[in-house]
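Visitor: Provided herewith: target.tsv, TSV, C-alpha atoms.
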```tsv
chain	number	residue	atom	x	y	z
X	1	MET	CA	-31.70	-7.40	-114.64
X	2	ASN	CA	-31.36	-6.83	-118.37
X	3	ILE	CA	-34.27	-4.96	-119.92
X	4	PRO	CA	-33.65	-3.93	-123.56
X	5	SER	CA	-33.98	-0.18	-124.07
X	6	ASP	CA	-36.30	-0.56	-127.06
X	7	LEU	CA	-39.01	-1.97	-124.79
X	8	LEU	CA	-39.27	1.29	-122.86
X	9	PRO	CA	-39.90	4.94	-123.82
X	10	ASN	CA	-36.80	7.09	-124.28
X	11	TRP	CA	-37.84	9.56	-121.58
X	12	LEU	CA	-37.94	6.73	-119.05
X	13	ASN	CA	-34.49	5.45	-120.04
X	14	TRP	CA	-32.97	8.94	-119.70
X	15	ALA	CA	-34.75	9.75	-116.45
X	16	ALA	CA	-33.64	6.43	-114.95
X	17	LEU	CA	-30.05	7.05	-116.07
X	18	LEU	CA	-30.05	10.44	-114.33
X	19	ILE	CA	-31.40	9.01	-111.07
X	20	PHE	CA	-29.03	6.03	-111.21
X	21	SER	CA	-26.02	8.27	-111.83
X	22	VAL	CA	-26.92	10.52	-108.91
X	23	ALA	CA	-27.36	7.49	-106.63
X	24	VAL	CA	-23.97	6.04	-107.61
X	25	PHE	CA	-22.02	9.29	-107.21
X	26	TRP	CA	-23.75	10.12	-103.94
X	27	SER	CA	-22.98	6.65	-102.58
X	28	ALA	CA	-19.37	6.82	-103.77
X	29	GLY	CA	-18.89	10.16	-102.04
X	30	GLY	CA	-20.00	8.80	-98.68
X	31	ALA	CA	-18.62	5.27	-98.93
X	32	ALA	CA	-16.13	3.95	-96.37
X	33	TRP	CA	-13.14	3.75	-98.72
X	34	ARG	CA	-10.84	4.54	-95.78
X	35	LEU	CA	-11.92	1.39	-93.97
X	36	LEU	CA	-11.13	-0.69	-97.04
X	37	ARG	CA	-7.60	0.72	-97.13
X	38	GLN	CA	-7.05	0.45	-93.38
X	39	ASN	CA	-8.15	-3.19	-93.30
X	40	LEU	CA	-6.38	-4.06	-96.56
X	41	LEU	CA	-9.64	-5.27	-98.06
X	42	GLU	CA	-9.35	-3.64	-101.49
X	43	TRP	CA	-8.66	-6.97	-103.16
X	44	VAL	CA	-11.55	-8.61	-101.28
X	45	TYR	CA	-13.86	-5.85	-102.54
X	46	ALA	CA	-12.66	-6.14	-106.13
X	47	GLY	CA	-12.83	-9.94	-106.02
X	48	SER	CA	-16.35	-9.86	-104.58
X	49	CYS	CA	-17.55	-7.61	-107.41
X	50	ALA	CA	-15.92	-9.88	-109.98
X	51	LEU	CA	-17.53	-12.96	-108.47
X	52	MET	CA	-20.88	-11.22	-108.43
X	53	GLY	CA	-20.48	-10.48	-112.13
X	54	LEU	CA	-19.92	-14.18	-112.79
X	55	LEU	CA	-23.02	-14.93	-110.74
X	56	TRP	CA	-25.06	-12.55	-112.91
X	57	LEU	CA	-23.95	-14.41	-116.04
X	58	ALA	CA	-25.86	-17.52	-114.94
X	59	ARG	CA	-29.22	-16.29	-116.16
X	60	ALA	CA	-32.39	-17.47	-117.85
X	61	GLU	CA	-34.82	-15.39	-119.89
X	62	ALA	CA	-38.49	-16.24	-120.43
X	63	GLN	CA	-39.21	-13.20	-122.63
X	64	ALA	CA	-37.22	-10.10	-123.53
X	65	GLY	CA	-36.77	-8.19	-120.28
X	66	LEU	CA	-38.13	-11.01	-118.12
X	67	GLU	CA	-34.80	-12.32	-116.92
X	68	LEU	CA	-33.83	-14.38	-113.90
X	69	HIS	CA	-30.38	-14.57	-112.35
X	70	PHE	CA	-28.81	-14.74	-108.92
X	71	LEU	CA	-27.99	-11.36	-107.35
X	72	GLY	CA	-25.60	-11.77	-104.41
X	73	ILE	CA	-26.49	-8.23	-103.33
X	74	MET	CA	-27.36	-9.17	-99.76
X	75	THR	CA	-23.91	-10.66	-99.24
X	76	LEU	CA	-22.22	-7.56	-100.63
X	77	VAL	CA	-24.23	-5.28	-98.35
X	78	LEU	CA	-23.49	-7.39	-95.27
X	79	ILE	CA	-19.76	-7.48	-96.01
X	80	PHE	CA	-19.10	-3.89	-97.07
X	81	GLY	CA	-22.12	-1.80	-96.14
X	82	TRP	CA	-24.77	-0.47	-98.50
X	83	ARG	CA	-22.81	2.42	-100.03
X	84	LEU	CA	-19.82	0.31	-101.08
X	85	ALA	CA	-22.22	-2.43	-102.20
X	86	LEU	CA	-24.10	0.00	-104.43
X	87	VAL	CA	-20.92	1.32	-106.02
X	88	GLY	CA	-19.53	-2.20	-106.48
X	89	ALA	CA	-22.73	-3.53	-108.02
X	90	ALA	CA	-22.89	-0.48	-110.30
X	91	ALA	CA	-19.30	-1.13	-111.42
X	92	THR	CA	-20.21	-4.75	-112.13
X	93	LEU	CA	-23.20	-3.64	-114.22
X	94	LEU	CA	-21.01	-1.17	-116.14
X	95	ALA	CA	-18.45	-3.90	-116.85
X	96	LEU	CA	-21.10	-6.29	-118.17
X	97	THR	CA	-22.66	-3.50	-120.23
X	98	ALA	CA	-19.25	-2.60	-121.71
X	99	THR	CA	-18.83	-6.21	-122.86
X	100	GLY	CA	-22.11	-6.01	-124.75
X	101	LEU	CA	-24.05	-8.36	-122.47
X	102	TYR	CA	-26.30	-5.53	-121.30
X	103	ASP	CA	-27.94	-2.72	-123.25
X	104	TRP	CA	-26.26	0.70	-122.92
X	105	GLY	CA	-29.56	2.44	-123.64
X	106	ALA	CA	-31.19	0.81	-120.63
X	107	LEU	CA	-28.26	1.29	-118.24
X	108	GLY	CA	-30.30	3.56	-115.98
X	109	VAL	CA	-33.32	1.26	-115.78
X	110	ASN	CA	-31.17	-1.83	-115.27
X	111	GLY	CA	-29.15	0.06	-112.68
X	112	LEU	CA	-32.18	1.18	-110.71
X	113	LEU	CA	-33.91	-2.22	-110.77
X	114	GLY	CA	-30.82	-4.42	-110.56
X	115	VAL	CA	-28.60	-2.35	-108.26
X	116	VAL	CA	-30.32	0.48	-106.38
X	117	VAL	CA	-33.56	-1.32	-105.47
X	118	PRO	CA	-31.91	-4.52	-104.17
X	119	VAL	CA	-29.18	-2.65	-102.27
X	120	LEU	CA	-31.71	-0.42	-100.51
X	121	VAL	CA	-34.00	-3.35	-99.72
X	122	ALA	CA	-31.03	-5.33	-98.37
X	123	HIS	CA	-29.91	-2.41	-96.22
X	124	ALA	CA	-33.43	-1.75	-94.93
X	125	SER	CA	-34.05	-5.40	-94.08
X	126	GLN	CA	-30.68	-5.68	-92.31
X	127	TRP	CA	-31.40	-2.53	-90.28
X	128	PHE	CA	-34.89	-3.73	-89.34
X	129	ILE	CA	-33.74	-7.21	-88.31
X	130	TYR	CA	-30.80	-5.81	-86.31
X	131	HIS	CA	-33.09	-3.53	-84.31
X	132	SER	CA	-36.11	-5.83	-84.03
X	133	PHE	CA	-34.75	-9.35	-83.48
X	134	PRO	CA	-32.52	-10.88	-80.81
X	135	ARG	CA	-28.85	-10.45	-81.71
X	136	HIS	CA	-27.97	-14.08	-82.12
X	137	TYR	CA	-25.63	-15.81	-84.56
X	138	PHE	CA	-28.40	-17.91	-86.12
X	139	VAL	CA	-30.67	-14.88	-86.42
X	140	TYR	CA	-27.90	-13.21	-88.41
X	141	LEU	CA	-27.45	-16.20	-90.73
X	142	ILE	CA	-31.01	-17.42	-91.15
X	143	ILE	CA	-33.07	-14.25	-90.85
X	144	THR	CA	-30.71	-11.55	-92.10
X	145	ALA	CA	-28.64	-13.39	-94.71
X	146	HIS	CA	-31.05	-16.10	-95.89
X	147	PHE	CA	-34.51	-14.55	-95.62
X	148	GLY	CA	-33.16	-11.08	-96.28
X	149	ALA	CA	-31.74	-12.29	-99.60
X	150	MET	CA	-35.10	-13.87	-100.45
X	151	LEU	CA	-36.80	-10.53	-99.84
X	152	VAL	CA	-34.22	-8.75	-102.00
X	153	ILE	CA	-34.71	-10.90	-105.09
X	154	ALA	CA	-38.48	-10.84	-104.64
X	155	SER	CA	-38.42	-7.02	-104.64
X	156	VAL	CA	-36.42	-6.99	-107.87
X	157	LEU	CA	-38.59	-9.47	-109.76
X	158	ILE	CA	-41.81	-7.77	-108.68
X	159	SER	CA	-40.41	-4.33	-109.58
X	160	VAL	CA	-39.44	-5.54	-113.05
X	161	GLY	CA	-42.85	-7.11	-113.56
X	162	LEU	CA	-44.69	-3.98	-112.44
X	163	LEU	CA	-42.57	-1.72	-114.67
X	164	LEU	CA	-43.17	-3.84	-117.76
X	165	MET	CA	-46.88	-4.03	-116.99
X	166	ILE	CA	-47.28	-0.29	-116.34
X	167	THR	CA	-45.43	0.61	-119.55
X	168	GLY	CA	-47.63	-1.80	-121.51
X	169	VAL	CA	-44.84	-4.13	-122.61
X	170	TYR	CA	-46.55	-7.27	-121.31
X	171	SER	CA	-49.88	-8.06	-119.73
X	172	TRP	CA	-49.96	-9.08	-116.09
X	173	ASP	CA	-51.09	-12.57	-117.15
X	174	ARG	CA	-47.94	-12.95	-119.26
X	175	ILE	CA	-45.71	-11.59	-116.49
X	176	GLY	CA	-47.27	-13.82	-113.89
X	177	GLY	CA	-47.35	-16.94	-116.03
X	178	ASP	CA	-43.91	-16.64	-117.65
X	179	TYR	CA	-41.92	-14.82	-114.97
X	180	LEU	CA	-43.29	-14.49	-111.46
X	181	ILE	CA	-44.25	-18.15	-111.43
X	182	PHE	CA	-40.54	-18.81	-110.85
X	183	LEU	CA	-40.39	-16.39	-107.89
X	184	PRO	CA	-40.51	-19.06	-105.13
X	185	MET	CA	-37.69	-21.03	-106.75
X	186	ALA	CA	-35.60	-17.89	-107.26
X	187	MET	CA	-36.15	-16.82	-103.65
X	188	LEU	CA	-35.12	-20.19	-102.22
X	189	SER	CA	-32.00	-20.33	-104.39
X	190	GLU	CA	-30.97	-16.77	-103.63
X	191	GLY	CA	-31.50	-17.28	-99.92
X	192	PHE	CA	-29.46	-20.48	-99.90
X	193	ILE	CA	-26.51	-18.97	-101.80
X	194	ASN	CA	-26.29	-15.85	-99.65
X	195	GLY	CA	-26.82	-17.78	-96.43
X	196	ALA	CA	-24.13	-20.31	-97.33
X	197	ILE	CA	-21.61	-17.62	-98.27
X	198	MET	CA	-22.21	-15.66	-95.08
X	199	THR	CA	-21.95	-18.83	-92.99
X	200	LEU	CA	-18.52	-19.57	-94.45
X	201	LEU	CA	-17.32	-15.98	-94.09
X	202	THR	CA	-18.44	-15.54	-90.48
X	203	ILE	CA	-16.66	-18.78	-89.58
X	204	LEU	CA	-13.49	-18.45	-91.63
X	205	ARG	CA	-13.07	-14.70	-92.20
X	206	PRO	CA	-15.29	-12.77	-89.76
X	207	GLU	CA	-12.91	-9.79	-89.95
X	208	TRP	CA	-14.00	-9.26	-93.55
X	209	VAL	CA	-17.68	-8.81	-92.66
X	210	ARG	CA	-18.47	-5.26	-91.64
X	211	SER	CA	-21.97	-6.06	-90.32
X	212	PHE	CA	-20.83	-8.96	-88.13
X	213	ASP	CA	-19.55	-8.35	-84.61
X	214	ASP	CA	-18.78	-11.13	-82.13
X	215	ARG	CA	-19.90	-8.89	-79.29
X	216	ASP	CA	-23.40	-8.71	-80.78
X	217	TYR	CA	-23.99	-12.13	-82.26
X	218	ILE	CA	-21.88	-14.48	-80.13
X	219	ASP	CA	-20.72	-12.94	-76.84
X	220	GLY	CA	-24.09	-11.23	-76.33
```
Rewrite the coordinates I just gave you, this time as structure tokens.

Guide:
Amino acid sequence: MNIPSDLLPNWLNWAALLIFSVAVFWSAGGAAWRLLRQNLLEWVYAGSCALMGLLWLARAEAQAGLELHFLGIMTLVLIFGWRLALVGAAATLLALTATGLYDWGALGVNGLLGVVVPVLVAHASQWFIYHSFPRHYFVYLIITAHFGAMLVIASVLISVGLLLMITGVYSWDRIGGDYLIFLPMAMLSEGFINGAIMTLLTILRPEWVRSFDDRDYIDG
């Protein structure tokens, strides 16, 4: 998400930056960097973050701050776990901000709405599905990857809309008519992309996917 800083009060931008920074450093401190090194997946991690950045560049904007783009967060969480996903998505956001495509002043707000919220929703949905549904290969692909990704992007778009409404930037009629009207299309597209990527990875490179275990989803 790319919300210009001048749409929001300064106190909100600074408070969001503080919370976002704490979330990133806390996640980095507890992330499984050792597993990346042991499995020689550093280049896979870096490449995934770079590809996600390219995915974020394919965006459309109805009004300033009301932006739509693919996320790919669910895939990152399923491959590397939520802590590494949060750090990687934050690094991607920093890289895009450094190039001038995102607003430095709104780094905290964009980070919370575009990184922290979707990563936590993806992690929570994966945890819930893992513990509540049968552990079957198609449950993993269709429910976790596909529908989980739909839930993730819905949470982001609704969070952005609510923030801009609460701060008085746009009326709810404007947000609903110019932004959330595209929610079903965004959800279907996000679900398809994440589901397709996870299908290919679990078939061709299952050893890359931290959340996928043959003993759970195939042998069981």

Visitor: For a test of reading the model, state the distance in Å between atom CA of X:Ala95 and atom CA of X:Gly47, rounded to one decimal.

Guide: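 Between these atoms lies a distance of 13.6 Å.
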
Visitor: Determine the nearest neighbour of X:Ala31 from the options X:Thr75, X:Trp208, X:Ala85, X:Ala15, counting all atoms listed in the file.

Guide: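 Of X:Thr75, X:Trp208, X:Ala85, X:Ala15, the one nearest X:Ala31 is X:Ala85, counting all atoms listed in the file.
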
Visitor: Using all atoms listed in the file, which residues sit within 7 Å of X:Asp103 once same-chain residues fewer than 5 positions away are excluded, as a ChimeraX atom specification?

Guide: /X:4-5,97

Visitor: Which residue gives the smallest distance to X:Ile129 among X:Trp14, X:Met198, X:Ser211, X:Leu84, with only C-alpha atoms counted?

Guide: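 Answer, going by the shortest atom-to-atom distance: X:Ser211.
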
Visitor: For X:Leu86, which residue among X:Leu107, X:Val119, X:Leu68, X:Leu201 is the nearest when counting only C-alpha atoms?

Guide: X:Val119

Visitor: Excluding stretch 22-29 of chain X and any residue of its chain fewer than 4 positions from it, enumerate the residues within 10 Å of it, using only C-alpha atoms, and give them as a list of chain:residue names.

Guide: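 Result of the neighbour search: X:Ala16, X:Leu17, X:Leu18, X:Trp33, X:Trp82, X:Arg83, X:Leu84, X:Ala85, X:Leu86, X:Val87, X:Gly88, X:Ala89, X:Ala90, X:Ala91, X:Gly111, X:Leu112, X:Val115, X:Val116.
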
Visitor: Between X:Ala106, X:Leu200, X:Ile73, X:Val209, which residue has the minimum interatomic distance to X:Val44, considering all atoms listed in the file?

Guide: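 Of X:Ala106, X:Leu200, X:Ile73, X:Val209, the one nearest X:Val44 is X:Val209, counting all atoms listed in the file.
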
Visitor: If you count all atoms listed in the file, which residues fall within 12 Å of X:Met187, apart from same-chain ones fewer than 2 positions away, as a PyMOL selection string?

Guide: chain X and resi 68-72+146-158+180-185+189-195

Visitor: I need the residue nearest X:Leu76 from this list: X:Tyr140, X:Tyr45, X:Phe128, X:Trp56. Use all atoms listed in the file for the distance.

Guide: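 The shortest atom-to-atom distance to X:Leu76 comes from X:Tyr45.
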
Visitor: Between X:Gly176, X:Gly105, X:Pro118, X:Glu207, single out the one closest to X:Pro9, counting only C-alpha atoms.

Guide: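 Under the stated criterion, the closest residue is X:Gly105.
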
Visitor: Env of X:Asp178: 10 Å cut, atoms = only C-alpha atoms, seq-sep filter 5 positions within chain, self excluded. Answer as a ChimeraX atom specification.

Guide: /X:61-63,66,172-173

Visitor: Could you add whatever atoms are missing so that stretch 2-13 of chain X carries all heavy atoms, then write the result as a compact mmCIF listing (two decimals), in the frame of the given file?

Guide:
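Output file result-v3.txt follows:
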```txt
# COMPACT_ATOMS: atom_id res chain seq x y z
N ASN X 2 -31.78 -7.30 -117.05
CA ASN X 2 -31.36 -6.83 -118.37
C ASN X 2 -32.59 -6.56 -119.22
O ASN X 2 -33.07 -7.45 -119.94
CB ASN X 2 -30.45 -7.87 -119.03
CG ASN X 2 -29.86 -7.36 -120.33
OD1 ASN X 2 -29.95 -6.17 -120.64
ND2 ASN X 2 -29.28 -8.25 -121.11
N ILE X 3 -33.10 -5.36 -119.13
CA ILE X 3 -34.27 -4.96 -119.92
C ILE X 3 -33.79 -4.20 -121.15
O ILE X 3 -33.11 -3.18 -121.01
CB ILE X 3 -35.21 -4.07 -119.08
CG1 ILE X 3 -35.67 -4.82 -117.83
CG2 ILE X 3 -36.39 -3.61 -119.91
CD1 ILE X 3 -36.52 -3.98 -116.91
N PRO X 4 -34.08 -4.66 -122.36
CA PRO X 4 -33.65 -3.93 -123.56
C PRO X 4 -34.27 -2.54 -123.60
O PRO X 4 -35.44 -2.35 -123.25
CB PRO X 4 -34.18 -4.81 -124.70
CG PRO X 4 -34.37 -6.17 -124.10
CD PRO X 4 -34.77 -5.91 -122.68
N SER X 5 -33.50 -1.56 -124.07
CA SER X 5 -33.98 -0.18 -124.07
C SER X 5 -35.14 0.03 -125.02
O SER X 5 -35.97 0.93 -124.82
CB SER X 5 -32.83 0.76 -124.45
OG SER X 5 -32.31 0.44 -125.73
N ASP X 6 -35.23 -0.78 -126.08
CA ASP X 6 -36.30 -0.56 -127.06
C ASP X 6 -37.67 -0.99 -126.54
O ASP X 6 -38.69 -0.72 -127.19
CB ASP X 6 -35.99 -1.27 -128.38
CG ASP X 6 -35.75 -2.76 -128.21
OD1 ASP X 6 -35.92 -3.28 -127.08
OD2 ASP X 6 -35.37 -3.42 -129.20
N LEU X 7 -37.72 -1.62 -125.38
CA LEU X 7 -39.01 -1.97 -124.79
C LEU X 7 -39.63 -0.80 -124.05
O LEU X 7 -40.84 -0.81 -123.76
CB LEU X 7 -38.86 -3.15 -123.82
CG LEU X 7 -38.48 -4.51 -124.41
CD1 LEU X 7 -38.40 -5.55 -123.28
CD2 LEU X 7 -39.48 -4.95 -125.46
N LEU X 8 -38.82 0.20 -123.72
CA LEU X 8 -39.27 1.29 -122.86
C LEU X 8 -39.19 2.62 -123.61
O LEU X 8 -38.37 2.79 -124.52
CB LEU X 8 -38.40 1.35 -121.60
CG LEU X 8 -38.36 0.07 -120.76
CD1 LEU X 8 -37.31 0.20 -119.65
CD2 LEU X 8 -39.72 -0.24 -120.17
N PRO X 9 -39.99 3.60 -123.20
CA PRO X 9 -39.90 4.94 -123.82
C PRO X 9 -38.57 5.61 -123.51
O PRO X 9 -37.99 5.40 -122.44
CB PRO X 9 -41.08 5.69 -123.20
CG PRO X 9 -41.42 4.94 -121.96
CD PRO X 9 -41.07 3.51 -122.21
N ASN X 10 -38.10 6.44 -124.45
CA ASN X 10 -36.80 7.09 -124.28
C ASN X 10 -36.75 7.97 -123.03
O ASN X 10 -35.72 8.03 -122.35
CB ASN X 10 -36.47 7.93 -125.52
CG ASN X 10 -36.04 7.07 -126.69
OD1 ASN X 10 -35.49 5.98 -126.49
ND2 ASN X 10 -36.29 7.54 -127.90
N TRP X 11 -37.85 8.67 -122.75
CA TRP X 11 -37.84 9.56 -121.58
C TRP X 11 -37.60 8.76 -120.30
O TRP X 11 -36.92 9.25 -119.38
CB TRP X 11 -39.14 10.35 -121.49
CG TRP X 11 -40.36 9.52 -121.14
CD1 TRP X 11 -41.25 8.97 -122.00
CD2 TRP X 11 -40.79 9.15 -119.82
NE1 TRP X 11 -42.23 8.28 -121.32
CE2 TRP X 11 -41.96 8.38 -119.98
CE3 TRP X 11 -40.30 9.40 -118.53
CZ2 TRP X 11 -42.66 7.84 -118.88
CZ3 TRP X 11 -40.98 8.86 -117.45
CH2 TRP X 11 -42.15 8.10 -117.62
N LEU X 12 -38.13 7.55 -120.24
CA LEU X 12 -37.94 6.73 -119.05
C LEU X 12 -36.49 6.26 -118.93
O LEU X 12 -35.92 6.26 -117.84
CB LEU X 12 -38.89 5.53 -119.10
CG LEU X 12 -38.84 4.59 -117.89
CD1 LEU X 12 -39.15 5.34 -116.60
CD2 LEU X 12 -39.82 3.44 -118.09
N ASN X 13 -35.90 5.87 -120.06
CA ASN X 13 -34.49 5.45 -120.04
C ASN X 13 -33.58 6.59 -119.58
O ASN X 13 -32.66 6.37 -118.77
CB ASN X 13 -34.08 4.98 -121.44
CG ASN X 13 -34.69 3.64 -121.81
OD1 ASN X 13 -34.81 2.74 -120.97
ND2 ASN X 13 -35.07 3.49 -123.07
```
